[in-house]
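Report on the structure given below.
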Amino acid sequence: TSNDPWDESYKKADQFISKLNSTERVNLLFGTENMIMETLLWNKTTMNGHKCVGQIDAFTNSDVNFKGMCLQDGPAGVRFAEGTGISWQASINAGMTFDKKLMYDVGKAQGEENKEKGINVDLAPCANMLRNPKGGRVWEAYGDDPYYTGVCAAETTKGIQDAGVIACLKHFVANDQETYRKSSSSNIEKRALMDVYVEPFYRSIKEANLGSIMAAYNALNNTYCYENKYLLTDILRDILGFKGFVMSDWWEITNDDPIVINSGVDMNMPGGKEYGPFVEERKYSSFGRNNSYWSNLEQQVKEGNVTQERIDEAAKRIIATMYQMNQMEDFPEVNILKKTNTEERKALQRKVATDSQVLLKNDGILPLNISNLKTIGVVGNDAFERDCLPSRLPQCLNDTNEVINGHIPLGFGSGVTNFEYLITPLAGIKSYAEKHNVNVLSSGKMNYTKGEGKKENVSVTATEDIEGGIEVANNSDVVIVFVKASSGEEFVVLEEAIGDRRDLDVWYGGNELINNITEVNDNVIVVINAPATVNLPWKDKVKAIIFSGFPGAESGNAIADILFGEVNPSGHLPFVWAKDEEYGAQIPHLENLTVINETSQQTYKDKYRYDGIDCHLKPDPSGKEQINYNDGLYIGQRWFNKNKKQPEFPFGFGLSYTTFDYSDLTLNMNENGLEATFNIKNTGNRTGKAVPMMFLTFPSSIGEYPEGIFKGFEKVEIPAGGTKSVSILADDHALSYFNVDQNNYVRVKDGNIKVYINDNANLTSPKLQSEIDA
Ligand code: BGC
């Protein structure tokens, strides 16, 4: 007998489905309305706060009472909750903690919030890869390492699902840029596909019983992911053994071709047909039982295009997943506005935000010694309160799609939340300084012109207040300069970037601001709020740099705790930080009005976007934009190593206010995998958290493969002067690679595995190294 936890759920699902007629079975497979979208995007109706971004209708018959299914975004907390939920940090910040337990705890807390609000499926986590830091949604995922992203996603998935909510890992697969996201093909050879882009989904499926997966908008090797049987069946079911259900991304299904359901998509979300410029009467999405591309599924069965077995299989996968999470017995009514923002969860949010801060440079100025200071200067618009876009007043819900100006605690797109409150950096610093009777001077009034109406018309003429900054700097003992950049999903355009950043400079003249400040004050500390790396032309002129990411509601408290040494920084970069924007993969910068067809003078916006909202229709699927993943296995740090290029900061980099010594490495190969055991001594005078990392070079018998790849880590707190013994395990899968001939993962053998223990991916002089027979 098998002890697969899914068996029982599938048995129950079988029984359940047998009590449904054919219409009821089909109705489980697509949604019929999306009130929130219609309200917020088109101001059509009033939002009542009880609707989900996607939902399957409830129904009853004489034998069953199906209570429906509510699906809601997303990775940074419950979307559209109007200040009733926690505004969590971006996932990239969870990744910056290198703390598995914290990631699990966040997943669990988010899962509990979803459940309390009656949400069955949390549209999180996101496991796409940072191929280039410009990628609009990199802050929604965990960086540029396949192994690491897989671990982060799995810990989060475990947390969400232990709370009784179905996690939806997205976007499967290779949706790694926003420009052309619905009209491009990510072209990847099989080995890189499996070991780099599918790898981040692997552990959630194998170790966390992942409930659902979202098929990405883009094509893989020229077949759209939602109609890609090779991806959704051959890889996902046959190789990975996925047992849950596959849903489409929103409005990605734009025809009634049976190839979509036959390739392995089980659920069409949100269900209604899409709006677009091509069919004027469908300017708005339309919903209802008869208005989905899947409305005719019963007819398709009659005509022999789809089998009844395939319909039943899809329905069963959905219902079995609900049984897996015990949702069929008893589940709270949908109430997105139920209060879930408890003090305990706020405290956890603050802890993650704080533990995620990455100290990139420190000439010894940090932590600030408050007793030596009279006046602290806080400069830069990013330190300040936010303003709602004029067009969104008075009903502005205070999420990052609706505010311009002020502190950026999250990127933009579907992964935002409505902030109940936001501790700005200025507020965080002031509350600490004032307790110690230290004066805070500030400047950050932004000169900007507001566009009217649509989000994308927000003017980019905003500039930092340099004069005000200089005045503050002239009168302060130390100046903390806050600079920012943002990115997000294609349907919002800020700074003329179509989701993806246009370049890696900080926005609004932040570089100029810093340069000017360093001319009048020697004690300059820079804090960067951004989705990932930015250019640092002033790096040598400043005393300290903190990369803060997008820390969420408790942002200012987290930053202040690090600045003043209340917490010893322990964040590390989950991506490599290049000099001069030089990465292994590029993303073109297109503006909305970039002409993409010389003959017709058609612009990006003409072709792909409508009325400020992206257009999901694919008028011209044959003309897909080709994105060739020529970097293959050499993503992130691997590309730098291969090309012998020095990055600005390697993957894993992050300083502490203390120092650690590593010694006494022993290696041991046992049934669990490869275990490295060693000692870490805290050689400084403060308690701190070390993040030892393990990098492996596989035996050359497997053929050409990247060297020194990341395969394990731990986070350990060690008191000043103390020593701890630490073990890092590279498990069976970590010791495997995808063997194309065998079409499966194969454990490395025949030769030696080189093992490096270090606190970042620069292996020129690792803290410890050894090797062991594979
Ligand atoms: C995004 C998904 C999101 C969905 C629902 C899509 O545009 O790509 O990540 O879950 O919308 O909001």
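In the structure tokens, the first chain shown is A, the next is B, and so on; residue numbers restart at 1 for each chain, and ligands run from 1 in the order shown.
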message: So that I can see what lies close to Asn743 (chain A), please list as a list of chain:residue names the residues with an atom at most 10 Å from it, counting only C-alpha atoms and leaving out residues fewer than 6 positions away in the same chain.
response: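 Listed by chain and then number, they are A:Lys190, A:Arg191, A:Met194, A:Ile235, A:Ile239.
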- request: Step by step, measure atom-to-atom distances between ligand 1 and each residue using only C-alpha atoms and all ligand atoms, keep those at most 6 Å, then write them as number ranges by chain.
  value: A: 53, 73, 123, 249-250, 414
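Running DSSP on the backbone gives alpha helix (DSSP H) for these residues within region 162-219 of chain A: Asp162, Lys190, Arg191, Ala192, Glu199, Pro200, Phe201, Tyr202, Arg203, Ser204, Ile205, Lys206, Glu207 and Ala208 of chain A.
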task: Pick out the closest residue to Ile635 (chain A) from this set: A:Thr599, A:Asn326, A:Gln349, A:Asn132. Count only C-alpha atoms.
output: A:Asn132
Kindly provide the residues of region 276-378 of chain A that approach region 8-17 of chain A to within 8 Å, each paired with its closest atom pair and their distance in Å to one decimal, based on only C-alpha atoms, listed by chain and increasing number, as a Markdown table.
```
| residue | atom | partner | partner_atom | distance |
| --- | --- | --- | --- | --- |
| A:Asp312 | CA | A:Ile17 | CA | 7.3 |
| A:Ala315 | CA | A:Ile17 | CA | 7.3 |
| A:Lys316 | CA | A:Ala13 | CA | 5.5 |
| A:Arg317 | CA | A:Tyr10 | CA | 7.6 |
| A:Ile319 | CA | A:Ala13 | CA | 5.5 |
| A:Ala320 | CA | A:Ser9 | CA | 4.9 |
| A:Thr321 | CA | A:Ser9 | CA | 7.2 |
| A:Tyr323 | CA | A:Ser9 | CA | 5.4 |
| A:Gln324 | CA | A:Ser9 | CA | 5.7 |
```
message: When you look at Trp507 (chain A) with a cut-off of 10 Å (counting only C-alpha atoms), what residues show up, excluding the ones that are within fewer than 3 positions of it in the same chain? I need them as an NGL selection string.
response: :A and (460 or 462-464 or 483-486 or 495 or 503-504 or 510-511 or 530 or 534)
- prompt: If you count only C-alpha atoms, which residues fall within 7 Å of region 542-558 of chain A, apart from same-chain ones fewer than 2 positions away, as a count of residues only?
  reply: 47
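When only C-alpha atoms are used to compute distances to Ile517 (chain A), the closest of the residues A:Thr157, A:Asn668, A:Asn405, A:Ser476 turns out to be A:Ser476.
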field: For Leu368 (chain A), the nearest of the candidates A:Val479, A:Ala676, A:Ala141, A:Ile772, counting only C-alpha atoms
entry: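 Under the stated criterion, the closest residue is A:Val479.
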Within 12 Å of Asp661 (chain A), counting only C-alpha atoms, which residues qualify if same-chain residues fewer than 6 places away don't, as a PDB file with C-alpha atoms, in the first residue's frame?
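Below is the file that was written, selection-v4.pdb:
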```pdb
ATOM      1  CA  PHE A 678      32.515  22.888  10.996  1.00  0.00           C
ATOM      2  CA  ASN A 679      32.867  25.440  13.767  1.00  0.00           C
ATOM      3  CA  ILE A 680      32.029  29.128  13.662  1.00  0.00           C
ATOM      4  CA  LYS A 681      33.414  31.482  16.276  1.00  0.00           C
ATOM      5  CA  ASN A 682      32.058  34.972  16.835  1.00  0.00           C
ATOM      6  CA  THR A 683      35.307  36.943  17.118  1.00  0.00           C
ATOM      7  CA  GLY A 684      33.724  40.351  17.653  1.00  0.00           C
ATOM      8  CA  ALA A 690      26.270  34.051  10.695  1.00  0.00           C
ATOM      9  CA  VAL A 691      25.062  32.661   7.376  1.00  0.00           C
ATOM     10  CA  PRO A 692      27.485  29.905   6.365  1.00  0.00           C
ATOM     11  CA  ILE A 718      26.325  33.150  18.103  1.00  0.00           C
ATOM     12  CA  ALA A 720      30.192  37.425  21.274  1.00  0.00           C
ATOM     13  CA  GLY A 721      33.190  35.170  21.837  1.00  0.00           C
ATOM     14  CA  GLY A 722      31.087  32.030  21.451  1.00  0.00           C
ATOM     15  CA  THR A 723      31.655  29.074  19.122  1.00  0.00           C
ATOM     16  CA  LYS A 724      29.034  26.863  17.521  1.00  0.00           C
ATOM     17  CA  SER A 725      29.265  23.660  15.565  1.00  0.00           C
ATOM     18  CA  ILE A 757      32.247  26.864   2.839  1.00  0.00           C
ATOM     19  CA  ASN A 758      32.033  30.632   2.726  1.00  0.00           C
ATOM     20  CA  ASP A 759      29.750  33.549   3.574  1.00  0.00           C
ATOM     21  CA  PRO A 766      36.886  30.600   0.781  1.00  0.00           C
ATOM     22  CA  LYS A 767      36.803  30.248   4.530  1.00  0.00           C
ATOM     23  CA  LEU A 768      37.016  26.452   4.301  1.00  0.00           C
TER      24      LEU A 768
END
```
- prompt: For Gly415 (chain A), which residue out of A:Ser727, A:Gln72, A:Ser570, A:Thr32 is the nearest one, using only C-alpha atoms?
  reply: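 Between A:Ser727, A:Gln72, A:Ser570, A:Thr32, the residue approaching Gly415 (chain A) most closely is A:Gln72.
Between CA of Asp664 (chain A) and CA of Glu707 (chain A) the interatomic distance comes to 23.3 Å.
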- request: May I ask which of the residues A:Val378, A:Ile56, A:Leu763, A:Val748 is the closest one to Val478 (chain A), counting only C-alpha atoms?
  value: A:Val378
message: When you look at region 267-273 of chain A with a cut-off of 10 Å (counting only C-alpha atoms), what residues show up, excluding the ones that are within fewer than 3 positions of it in the same chain? I need them as number ranges by chain.
response: A: 26-34, 37, 52-56, 71, 214, 226, 245-255, 260-261, 264, 276, 282, 284-295, 314-315, 317-318, 617
As a PDB file with N, CA, C and O atoms, in the first residue's frame, please: the residues near region 728-736 of chain A (cut-off 7 Å, only C-alpha atoms, same-chain neighbours under 5 positions excluded).
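out.pdb written:
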```
ATOM      1  N   ASN A 672      21.614  10.491   3.718  1.00  0.00           N
ATOM      2  CA  ASN A 672      20.866  11.739   3.507  1.00  0.00           C
ATOM      3  C   ASN A 672      21.513  12.640   2.467  1.00  0.00           C
ATOM      4  O   ASN A 672      20.874  13.559   1.957  1.00  0.00           O
ATOM      5  N   GLY A 673      22.799  12.425   2.223  1.00  0.00           N
ATOM      6  CA  GLY A 673      23.496  13.287   1.276  1.00  0.00           C
ATOM      7  C   GLY A 673      24.879  13.633   1.789  1.00  0.00           C
ATOM      8  O   GLY A 673      25.491  12.862   2.530  1.00  0.00           O
ATOM      9  N   LEU A 674      25.329  14.799   1.401  1.00  0.00           N
ATOM     10  CA  LEU A 674      26.664  15.239   1.798  1.00  0.00           C
ATOM     11  C   LEU A 674      26.542  16.246   2.935  1.00  0.00           C
ATOM     12  O   LEU A 674      25.884  17.283   2.797  1.00  0.00           O
ATOM     13  N   GLU A 675      27.188  15.901   4.045  1.00  0.00           N
ATOM     14  CA  GLU A 675      27.080  16.756   5.216  1.00  0.00           C
ATOM     15  C   GLU A 675      28.431  17.395   5.510  1.00  0.00           C
ATOM     16  O   GLU A 675      29.430  16.700   5.615  1.00  0.00           O
ATOM     17  N   ALA A 676      28.427  18.718   5.630  1.00  0.00           N
ATOM     18  CA  ALA A 676      29.650  19.434   6.001  1.00  0.00           C
ATOM     19  C   ALA A 676      29.467  19.938   7.428  1.00  0.00           C
ATOM     20  O   ALA A 676      28.460  20.572   7.742  1.00  0.00           O
ATOM     21  N   THR A 677      30.422  19.615   8.294  1.00  0.00           N
ATOM     22  CA  THR A 677      30.329  20.062   9.682  1.00  0.00           C
ATOM     23  C   THR A 677      31.574  20.876  10.010  1.00  0.00           C
ATOM     24  O   THR A 677      32.685  20.519   9.611  1.00  0.00           O
ATOM     25  N   LYS A 711      24.555  25.254  -2.807  1.00  0.00           N
ATOM     26  CA  LYS A 711      23.796  24.035  -2.537  1.00  0.00           C
ATOM     27  C   LYS A 711      23.386  23.840  -1.079  1.00  0.00           C
ATOM     28  O   LYS A 711      22.899  22.762  -0.726  1.00  0.00           O
ATOM     29  N   GLY A 712      23.624  24.820  -0.233  1.00  0.00           N
ATOM     30  CA  GLY A 712      23.178  24.635   1.145  1.00  0.00           C
ATOM     31  C   GLY A 712      23.562  25.826   2.005  1.00  0.00           C
ATOM     32  O   GLY A 712      24.495  26.567   1.670  1.00  0.00           O
ATOM     33  N   PHE A 713      22.836  26.044   3.101  1.00  0.00           N
ATOM     34  CA  PHE A 713      23.131  27.174   3.998  1.00  0.00           C
ATOM     35  C   PHE A 713      22.400  26.967   5.317  1.00  0.00           C
ATOM     36  O   PHE A 713      21.465  26.180   5.411  1.00  0.00           O
ATOM     37  N   GLU A 714      22.844  27.697   6.320  1.00  0.00           N
ATOM     38  CA  GLU A 714      22.134  27.746   7.601  1.00  0.00           C
ATOM     39  C   GLU A 714      22.266  29.161   8.116  1.00  0.00           C
ATOM     40  O   GLU A 714      23.072  29.936   7.617  1.00  0.00           O
ATOM     41  N   TYR A 745      16.427  13.357 -13.192  1.00  0.00           N
ATOM     42  CA  TYR A 745      17.503  13.814 -12.311  1.00  0.00           C
ATOM     43  C   TYR A 745      18.379  12.632 -11.950  1.00  0.00           C
ATOM     44  O   TYR A 745      17.880  11.539 -11.674  1.00  0.00           O
ATOM     45  N   VAL A 746      19.671  12.859 -11.956  1.00  0.00           N
ATOM     46  CA  VAL A 746      20.615  11.783 -11.691  1.00  0.00           C
ATOM     47  C   VAL A 746      21.614  12.278 -10.644  1.00  0.00           C
ATOM     48  O   VAL A 746      22.116  13.395 -10.726  1.00  0.00           O
ATOM     49  N   ARG A 747      21.875  11.458  -9.661  1.00  0.00           N
ATOM     50  CA  ARG A 747      22.832  11.807  -8.613  1.00  0.00           C
ATOM     51  C   ARG A 747      24.258  11.770  -9.179  1.00  0.00           C
ATOM     52  O   ARG A 747      24.604  10.839  -9.910  1.00  0.00           O
ATOM     53  N   VAL A 748      25.072  12.762  -8.871  1.00  0.00           N
ATOM     54  CA  VAL A 748      26.436  12.763  -9.405  1.00  0.00           C
ATOM     55  C   VAL A 748      27.225  11.595  -8.818  1.00  0.00           C
ATOM     56  O   VAL A 748      27.025  11.190  -7.677  1.00  0.00           O
TER      57      VAL A 748
END
```
All strand (DSSP E or B) positions in region 687-748 of chain A, as a ChimeraX atom specification: /A:688-690,693-697,709-713,716-718,723-731,736-739,744-747
field: Counting only C-alpha atoms, the option among A:Leu573, A:Cys152, A:Ala761, A:Leu513 closest to Leu655 (chain A)
entry: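 Residue with the minimum atom-to-atom distance to Leu655 (chain A): A:Leu573.
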query: Interatomic distance between CA of Glu113 (chain A) and CA of Lys67 (chain A)?
result: 19.1 Å
query: Expressed in Å to a single decimal, how great is the separation between CA of Glu227 (chain A) and CA of Ser263 (chain A)?
result: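 Distance between the two atoms: 5.4 Å.
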